[in-house]
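One structure is given below, encoded as C-alpha cells.
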4 protein chains.
Amino acid sequence: MKTRDRIIQAALELFNESGEPNITTNHIAAHLGISPGNLYYHFRNKEEIIHSIFDEYARDLSIRFQPQGESKVTADNLLGYLDAVFMLMWRYRFFYANLPDILRRDPELQEKYLAAQEGLHQNIMGMMNSFRASELLDLDDDELLSLANTLKLVASSWICYQTTQAAGAKITKAVIYQGVLQMLSIVRPLTTAKGKEQVILLESHYCEQVKRNA
Amino acid sequence: MKTRDRIIQAALELFNESGEPNITTNHIAAHLGISPGNLYYHFRNKEEIIHSIFDEYARDLSIRFQPQGESKVTADNLLGYLDAVFMLMWRYRFFYANLPDILRRDPELQEKYLAAQEGLHQNIMGMMNSFRASELLDLDDDELLSLANTLKLVASSWICYQTTQAAGAKITKAVIYQGVLQMLSIVRPLTTAKGKEQVILLESHYCEQVKRNA
Amino acid sequence: MKTRDRIIQAALELFNESGEPNITTNHIAAHLGISPGNLYYHFRNKEEIIHSIFDEYARDLSIRFQPQGESKVTADNLLGYLDAVFMLMWRYRFFYANLPDILRRDPELQEKYLAAQEGLHQNIMGMMNSFRASELLDLDDDELLSLANTLKLVASSWICYQTTQAAGAKITKAVIYQGVLQMLSIVRPLTTAKGKEQVILLESHYCEQVKRNA
Amino acid sequence: MKTRDRIIQAALELFNESGEPNITTNHIAAHLGISPGNLYYHFRNKEEIIHSIFDEYARDLSIRFQPQGESKVTADNLLGYLDAVFMLMWRYRFFYANLPDILRRDPELQEKYLAAQEGLHQNIMGMMNSFRASELLDLDDDELLSLANTLKLVASSWICYQTTQAAGAKITKAVIYQGVLQMLSIVRPLTTAKGKEQVILLESHYCEQVKRNA
DNA sequence: CATGAATGAGGTTTCATTCAT
DNA sequence: GATGAATGAAACCTCATTCAT
C-alpha cells in the first residue's frame, strides 16, 4: 500500500478510536512510523486528509449503491442495502461524531457531503417507490417522502446517538444491527400484509445477528 | 446579572454560534469585556463552564417536564411538550453538535447526561402510555417502546442532523417546527381514527408555525 | 489571637507542610476562612509574611539564647541549648528547605538572616570557649573555630538534608534527636576524659529520646 | 552540539545563576535563540529537563567514582576525590539550592537521587575503611560510620550553606576549597600520627588553592 | 520520497495583587 | 477590619505546519 493510502487508513482508524479533534497529525505520523514532514508531503494539511477520507467514503457509497435501475427491489436487496449502509456508517463513524464542526470549517466538504446525501436520498426514494410499486408499502407520496426522510435521519444519526447512550460505549456490530431493527420497526406499520411478511422475515434475520454479535 | 451567569450565557451563545471547540476561554472573556483571570475566578476550567451549562439545561428540562401524574395527556399537553423539547434542544444546540466528544472527555457529564436521557425516556413513555389509554394509539407494548425510542432519537438528533443538511444552515424556529412535524409523521400511522384527528390538528398547527417562521 | 498573627501561624504551618513556593496567598486565606483582601490588609505582600515569620524566628532565637555571661556552661545547659536549636529549626523548617531562593529575592531578609547567624555563631563560640575553660574540650583556637563552624553547618543543614534522604520523609522528633547525636559524635573525639563522660551521658539521653519518638 | 544538549547546558547555567523556580522554559528558549516549541520538541516538559540534568550529574558521578577496588586509597587519591566531589556539587549547585522542593514534586527523581546518595555513601565508606586499614585512621566501626555520615552531610550541604552565608555570595572555587578544608578539619582529630601528616599535607595544598582562587 | 528539527501563534491556567464596597 | 470580584502578566504547553537536508 502506498504511503498516501496508509496515512488515510491510519487517520481513519485513529479518528474513529479517539475522535478527530483529539488526533494530531503527529499522532498519525507516529502511528505509521513516518515523519510529520512525510505526512505533509502527501497532504497539504490535516483538512485534506479528512477530505480524502470523505472521498473514500463517497466512493464506497457510490460503488455499493449503484442505481439499481427499474429492477424490482427484493427483500434480499434491501437486506444487503441496509447492511451496507450501516457498515459504511460504522467504517466512517468518527465523521458522524463531529459532523457539524467538520462541515462548518470546510465548505467544500460541506458541498460534497450534501451531494452524497442527495444520492442517498435518491436511493432510498427509489427503493421505497419500488416497494410501493410491488405493493409492499401502502403510502401516498407525502407519506413516502416522510418515511424516506425519517429513515435517512435514523440511519445518519444512529451511531452518533448510540455512542452517547452508554458510558464508554463501544459501537459493536450488534449495535449496528439494532439500528437496522429500529428502522424496520418504523417501516413495519406502513406495510401491506405482503410487506409485513417480508419485514418480519428481515427482523428475525437481524434479531439473530444481534444475538450472534452481542 | 452576576458575572458567573453572564459567563455561562456568553459561553452558551458563542458555543452555539461557532462550536465549542472553536471558542476559547479567552474568547468568552473578551466577549464579556472581562479578564481571563476573572473568568477563572468563577470557574476552575473550561470544562466546568460546560458542566454548568449542562446543569442549566438539566434544570430547564426538569422544570418544564414535571411528571404529569395520571392526568390524561391531551393534545394541547403534547403540543406544549413538543414545543418545549425542541426549544431546549435549540437553546443548547452546541451541545448536540459535539455530543460524543464532549461526553468522552468528561465521564461525570456523561453520567448526568444519561440521567437526563432516562428522564426524557420516562416522560415519553408516560405520554405514549397515556395516549394508548385514551385510545389515541393502537399499539402493543413492543411497538410502543419502539415508537418511544424512535421519537427520542429523532428529537435528540434533529438539530444536529439539520445543521449538516444545508450549507451554512442557520437553525431557525421553522427548522424546529419541521422537526415536530417529522415526529408527528412517525406517530400518525400508528394512531386510531380518534388519534388521527388530533395529529392532523397538531400538524396543521405546526405547518402554520413553519410558514410563519420561514 | 489577632488576624495578623493567625495569618503568620497559618502560613508557617502550610509552608512547612507543602513548601513555600507551593503555597499561594489564597491558600493561606482559604485555610483561615478569610478573604484574600483581608490578608493583604494585614500584609503588603507575600514577602512580608515570610519576613514576619522570620522576625518571629529571630525573636524565638534571641529569647532562648540569651548570652549566658561568664557563667560556666554545664552539660545541662548544653542539653537545653541543643534541644532548643533543633526545635527552632523544626518549627521553621520550610525556611531551611528553600533558603537560597528565599534570601536571593529579599536582600533585607538576607541581612536579618546574617545577623541571626552571627548571633548563633557567637553563642556557639561562647559555649565552646566555656567548655574549653572548664577543661571539657582540648582544642587550640583554630580547632575551636573549625568545630564551631562544623556544628553550625550541621545544625543548619540537618533538617533540609534529612528531608532529601528518604522518599516522603516526614521530619519527626526522632529525626531531630538524631541530628543532636550526629553533632555529639563530632564533638566527642575532641573532648577531654572529663568531657567524654559528659558527652556519653548526653548521648545516652538522646538515644533514648530517639527510641521514644521513633 | 545538538540542540537537546544545548538546552540542557543552558538550563543548567540559568538555573545555577538564578535558581530553578525563577527560570521558565521561555527564558531557556530565549537564551538559546530558539522557539518554545522547539524546546518542547526536545523535552516533554520542564521536569524532563531537570531530569536530564540530573542524569548527567549521575553519569558524571559514576564515571569519576568508579569503585576503586581493594587498592589502597592514597592521599593523592583522596585529593582527587574531594576535588571531584566538590566540583560536581558546584556544577550542579542549583540542584542543591532547592533539593527538598525539586524532589518532593518528582518521586522518580527522588529515587534516582537516593540511589546516587547510596553510591556516594558506599564510596566514602570504602575510602574510610581503606584509611583505617592503612592505619591512617583510628576508629571503631560506629565512629567510622558517624564520620562518613558527617562528611556526606557536609559535602552535600556545603554549597547551599555557603550561598546563604554572605549577601549576594558568588560561589567561587575558593569557597569550594574551603569546604574541603572544613572536611579535613573534621577528619584530622581522628587520624593516627601517620594520618595526621597526610592531612596536614592536604590542608596545606588546599590552603594554597584557596589563596590562589580568592 | 522522506526526515526531523524548528516555528510561532495561541490555548489553558495560575497567582500575587488591587480596589470598590 | 473585612469582603470578594477583578486584574493582567506570565507560566506551561500544544500542534498544524514549514523547510533544509
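Here's how to read the names in the C-alpha cells: chain A, B, ... by the order shown, residue numbers from 1 in each chain, ligand numbers from 1 in the order shown.
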> If you run DSSP on this backbone, which residues of region 60-182 of chain C come out as helix (DSSP H, G or I), and could you give them as number ranges by chain?
Replying inline: C: 60-64, 75-91, 93-97, 99-104, 107-133, 141-164, 173-182
> Which residues, written as a count of residues only, have at least one atom at most 8 Å from Val175 (chain A), with only C-alpha atoms (C1' of nucleotides) counted and residues fewer than 3 positions away on the same chain left out?
Replying inline: 6
> For chain B, which residues have at least one atom within 8 Å of chain A, if we go by only C-alpha atoms? Write them as a ChimeraX atom specification, please.
Replying inline: /B:19,97-101,103-104,107,110-111,114,143,146-147,150,153-154,156-158,160-161,163-168,182,185-186,189-190
> Using only C-alpha atoms (C1' of nucleotides), which residues sit within 9 Å of Thr74 (chain A) once same-chain residues fewer than 4 positions away are excluded, as a ChimeraX atom specification?
Replying inline: /A:78-79,130-131
Write the residues of the selection above to a file with all heavy atoms, as an mmCIF file, in the first residue's frame.
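File written: selection.cif
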data_model
loop_
_atom_site.group_PDB
_atom_site.id
_atom_site.type_symbol
_atom_site.label_atom_id
_atom_site.label_comp_id
_atom_site.auth_asym_id
_atom_site.auth_seq_id
_atom_site.Cartn_x
_atom_site.Cartn_y
_atom_site.Cartn_z
ATOM 1 N N LEU A 78 -32.857 -5.320 -0.205
ATOM 2 C CA LEU A 78 -32.965 -4.387 0.901
ATOM 3 C C LEU A 78 -32.034 -4.781 2.009
ATOM 4 O O LEU A 78 -31.315 -3.941 2.588
ATOM 5 C CB LEU A 78 -34.405 -4.364 1.421
ATOM 6 C CG LEU A 78 -34.653 -3.360 2.534
ATOM 7 C CD1 LEU A 78 -34.408 -1.940 2.052
ATOM 8 C CD2 LEU A 78 -36.058 -3.494 3.081
ATOM 9 N N LEU A 79 -32.028 -6.061 2.281
ATOM 10 C CA LEU A 79 -31.177 -6.558 3.348
ATOM 11 C C LEU A 79 -29.727 -6.187 3.067
ATOM 12 O O LEU A 79 -29.025 -5.638 3.915
ATOM 13 C CB LEU A 79 -31.340 -8.079 3.430
ATOM 14 C CG LEU A 79 -30.782 -8.766 4.659
ATOM 15 C CD1 LEU A 79 -31.652 -9.959 5.024
ATOM 16 C CD2 LEU A 79 -29.357 -9.204 4.404
ATOM 17 N N SER A 130 -40.089 1.571 -5.370
ATOM 18 C CA SER A 130 -40.125 0.206 -5.885
ATOM 19 C C SER A 130 -40.963 -0.688 -4.969
ATOM 20 O O SER A 130 -41.762 -1.497 -5.434
ATOM 21 C CB SER A 130 -38.692 -0.308 -6.001
ATOM 22 O OG SER A 130 -38.691 -1.659 -6.377
ATOM 23 N N PHE A 131 -40.783 -0.506 -3.681
ATOM 24 C CA PHE A 131 -41.599 -1.274 -2.720
ATOM 25 C C PHE A 131 -43.078 -0.990 -2.908
ATOM 26 O O PHE A 131 -43.915 -1.886 -2.876
ATOM 27 C CB PHE A 131 -41.206 -0.948 -1.282
ATOM 28 C CG PHE A 131 -39.912 -1.592 -0.871
ATOM 29 C CD1 PHE A 131 -39.045 -0.941 -0.012
ATOM 30 C CD2 PHE A 131 -39.560 -2.851 -1.336
ATOM 31 C CE1 PHE A 131 -37.855 -1.530 0.374
ATOM 32 C CE2 PHE A 131 -38.380 -3.453 -0.957
ATOM 33 C CZ PHE A 131 -37.510 -2.795 -0.100
#
>> I want to know what sits within 7 Å of region 196-199 of chain C, based on only C-alpha atoms (C1' of nucleotides), with residues of the same chain fewer than 5 positions away left out; could you give that as a PyMOL selection string?
In response: chain C and resi 75+184+188+191
